[in-house]
Amino acid sequence: MKNWKKTILIIVLIGIIAAGAVIAYVYLKPHRDVTKEKGIALTAQALYDAFKANETDANTKYLNKAIELSGEVLDITTNQDGNTVVNFKTNDPLVVINCTFKTAPGALQPGDKIVFKGICTGYIPDANVVINEGVLVK
Amino acid sequence: MMNMKKILLLLGFVVLGFIGNELSAQKIFATRNGKIAFAAPSDDDVKAVNNEVTSRIADNGQITFSLLIKGFKFKYAEMQDHFNDQYLESTKYPRADFKGMVQNLTGVNFSKDGTYKVTVKGDLTMHGVTKNVSANGTIEIKGGKPVATCQFTILMKDFKVDASSVTDKVMVDVNCQYQ
């Protein structure tokens, strides 16, 4: 085989591998799995207090972080796509910590004290702190 | 005499207060888990859904939507990261808010089941930019509870989002079931 043919073959191969790597990077990167992360442990009340006191500071501390939240269940519902949602009580009757499960947590009752681990997506003033992609810890 | 006047004045205020309360009494429907999805018309893979939309609609026509940008779930994790880090800068601007009014409220009877066509106008704030927007949608009353649906288009440049390598606009699909 002539040298220039070899060179072209190598360039084409490198091109194919590079394209494959880009496609793999975009399409095969796994979604974040909160069960493999250590969460920041705090109570539902403490999380709400932090956001109420200073949203910017609380975002720095908790936004996009794994949170291991403990507290009392106010109610259990399902979202419009069928995932289980648990609202945790705070001392403000209008404000809850809104937690969406990625795997069904089994039977829960209002008043249960549970620990939930998920990813904090932020705060909607006068309504809720939102945590999603979560699982029941205990 | 002085005291009598004071008492009458106080009573007057109390009565006025009651009337005021009656006049402003309104029915508010709310959800913390409404649904808003978007899709790029040019690329089937570029679509995401948010199931944690907080929304309130009052029978005086006030309507609000708030959602957290990091709550948008994509099929592909890398697209989700890119959307958050490069395009919407969701750490700097975590939330999108809409505050508006149903324009043709007289056509909507919140206590009678049915489907009503509405136009909603208001201010949409996201990525640090506030813009007046208007969209046509429907309010369906089912078993006394409203469901709001609406489709509209957002131009990326209107909100200073530079996603030109992917799309210059997205179609937004709102579907909120209220309690």
# chains A, B, ... in the order shown; residues from 1 in each chain; ligands from 1
>>> interface_residues(of="chain A", to="chain B", cutoff="12 Å", atoms="only C-alpha atoms", output="ChimeraX atom specification")
/A:22-33,55-65,76-87,94-102,118-133
>>> residues_around(residues="Asp59 in chain B", least_positions_apart="3", cutoff="10 Å", atoms="only C-alpha atoms", output="ChimeraX atom specification")
/B:25-29,62-63,102,105,108-111
>>> select_by_dssp(residues="chain A", states="strand (DSSP E or B)", output="MDAnalysis selection string")
chainID A and resid 40:43 66:78 84:89 96:101 113:124 128:136
>>> write_last_selection(atoms="C-alpha atoms", output="compact mmCIF listing (two decimals), in the first residue's frame")
# COMPACT_ATOMS: atom_id res chain seq x y z
CA ILE A 40 -26.54 17.63 52.51
CA ALA A 41 -28.64 16.61 55.53
CA LEU A 42 -31.15 19.13 56.86
CA THR A 43 -34.76 19.49 57.93
CA ALA A 66 -28.12 16.56 46.56
CA ILE A 67 -30.23 17.23 49.66
CA GLU A 68 -31.12 14.66 52.29
CA LEU A 69 -34.31 16.18 53.66
CA SER A 70 -36.05 15.08 56.83
CA GLY A 71 -39.47 16.23 57.91
CA GLU A 72 -43.16 15.56 58.23
CA VAL A 73 -45.33 14.62 55.25
CA LEU A 74 -48.15 17.11 54.63
CA ASP A 75 -49.67 15.32 51.66
CA ILE A 76 -48.94 12.78 48.93
CA THR A 77 -50.03 13.33 45.34
CA THR A 78 -48.97 12.34 41.84
CA THR A 84 -45.20 10.44 43.30
CA VAL A 85 -44.94 13.90 44.91
CA VAL A 86 -44.62 14.46 48.63
CA ASN A 87 -45.05 17.91 50.16
CA PHE A 88 -43.15 18.43 53.42
CA LYS A 89 -44.62 20.68 56.09
CA VAL A 96 -44.03 23.40 51.47
CA ILE A 97 -40.96 21.57 50.27
CA ASN A 98 -42.22 19.98 47.04
CA CYS A 99 -40.44 16.66 46.47
CA THR A 100 -40.83 14.50 43.37
CA PHE A 101 -39.76 10.85 43.48
CA LYS A 113 -41.71 11.41 59.35
CA ILE A 114 -39.50 10.49 56.41
CA VAL A 115 -36.08 11.18 54.90
CA PHE A 116 -35.96 11.96 51.19
CA LYS A 117 -32.91 12.48 49.00
CA GLY A 118 -33.10 14.46 45.78
CA ILE A 119 -31.69 17.38 43.80
CA CYS A 120 -32.73 20.91 44.75
CA THR A 121 -33.89 22.95 41.75
CA GLY A 122 -34.63 26.16 43.68
CA TYR A 123 -37.25 28.30 45.39
CA ILE A 124 -40.56 29.79 44.31
CA ASN A 128 -42.33 26.06 47.67
CA VAL A 129 -38.76 24.89 47.60
CA VAL A 130 -38.51 22.23 44.89
CA ILE A 131 -36.51 18.99 45.05
CA ASN A 132 -36.83 16.37 42.32
CA GLU A 133 -35.32 13.17 40.91
CA GLY A 134 -35.49 11.86 44.47
CA VAL A 135 -35.69 8.61 46.42
CA LEU A 136 -36.93 7.57 49.85
>>> atom_distance(atom1="CA of Val118 in chain B", atom2="CA of Lys157 in chain B")
26.6 Å
>>> residues_around(residues="Ile141 in chain B", least_positions_apart="2", cutoff="8 Å", atoms="only C-alpha atoms", output="JSON, numbers by chain")
{"B": [110, 111, 112, 113, 114, 115, 139, 143, 144, 145, 146, 147]}
>>> atom_distance(atom1="CA of Asp43 in chain B", atom2="CA of Thr149 in chain B")
23.3 Å
>>> residues_around(residues="range 127-130 of chain B", least_positions_apart="5", cutoff="8 Å", atoms="only C-alpha atoms", output="JSON, numbers by chain")
{"B": [88, 89, 90, 93, 96, 159, 160, 161]}
>>> write_last_selection(atoms="N, CA, C and O atoms", output="short mmCIF file (atom, residue, chain, number, x, y, z; two decimals), in the first residue's frame")
data_model
loop_
_atom_site.label_atom_id
_atom_site.label_comp_id
_atom_site.auth_asym_id
_atom_site.auth_seq_id
_atom_site.Cartn_x
_atom_site.Cartn_y
_atom_site.Cartn_z
N LEU B 88 -29.40 28.91 29.27
CA LEU B 88 -30.28 29.61 30.21
C LEU B 88 -29.54 30.13 31.45
O LEU B 88 -30.11 30.88 32.24
N GLU B 89 -28.30 29.72 31.64
CA GLU B 89 -27.49 30.13 32.80
C GLU B 89 -28.30 30.03 34.09
O GLU B 89 -28.48 31.00 34.82
N SER B 90 -28.77 28.81 34.35
CA SER B 90 -29.76 28.61 35.40
C SER B 90 -29.22 28.76 36.83
O SER B 90 -30.00 28.82 37.77
N TYR B 93 -29.73 32.62 36.88
CA TYR B 93 -31.16 32.93 36.74
C TYR B 93 -31.96 31.64 36.96
O TYR B 93 -32.39 31.00 36.00
N ALA B 96 -38.11 31.14 36.18
CA ALA B 96 -38.85 31.91 35.18
C ALA B 96 -40.23 32.19 35.76
O ALA B 96 -40.82 31.32 36.40
N PHE B 159 -35.07 36.85 24.71
CA PHE B 159 -34.64 36.68 26.09
C PHE B 159 -33.12 36.57 26.20
O PHE B 159 -32.59 36.05 27.18
N LYS B 160 -32.46 37.10 25.17
CA LYS B 160 -30.99 37.15 25.13
C LYS B 160 -30.36 35.78 25.39
O LYS B 160 -29.35 35.66 26.09
N VAL B 161 -31.00 34.75 24.84
CA VAL B 161 -30.45 33.39 24.95
C VAL B 161 -29.76 33.07 23.62
O VAL B 161 -30.39 33.13 22.56
#
>>> select_by_dssp(residues="range 30-116 of chain B", states="helix (DSSP H, G or I)", output="ChimeraX atom specification")
/B:69-71,77-87,105-107
>>> write_last_selection(atoms="C-alpha atoms", output="PDB file, in the first residue's frame")
ATOM      1  CA  ILE B  69     -35.118  26.191  35.025  1.00  0.00           C
ATOM      2  CA  LYS B  70     -33.172  23.309  36.588  1.00  0.00           C
ATOM      3  CA  GLY B  71     -36.458  21.390  36.754  1.00  0.00           C
ATOM      4  CA  ALA B  77     -28.174  14.428  30.112  1.00  0.00           C
ATOM      5  CA  GLU B  78     -25.565  16.323  28.088  1.00  0.00           C
ATOM      6  CA  MET B  79     -28.264  18.467  26.435  1.00  0.00           C
ATOM      7  CA  GLN B  80     -29.747  19.177  29.876  1.00  0.00           C
ATOM      8  CA  ASP B  81     -26.345  20.333  31.181  1.00  0.00           C
ATOM      9  CA  HIS B  82     -25.704  22.444  28.097  1.00  0.00           C
ATOM     10  CA  PHE B  83     -29.152  24.037  28.353  1.00  0.00           C
ATOM     11  CA  ASN B  84     -28.560  24.935  32.015  1.00  0.00           C
ATOM     12  CA  ASP B  85     -24.908  26.018  31.819  1.00  0.00           C
ATOM     13  CA  GLN B  86     -24.561  27.622  28.379  1.00  0.00           C
ATOM     14  CA  TYR B  87     -27.997  28.777  27.269  1.00  0.00           C
ATOM     15  CA  LEU B 105     -62.738  36.798  31.336  1.00  0.00           C
ATOM     16  CA  THR B 106     -66.445  37.497  30.883  1.00  0.00           C
ATOM     17  CA  GLY B 107     -66.627  34.396  28.666  1.00  0.00           C
TER      18      GLY B 107
END
>>> atom_distance(atom1="CA of Val46 in chain B", atom2="CA of Ala148 in chain B")
24.1 Å
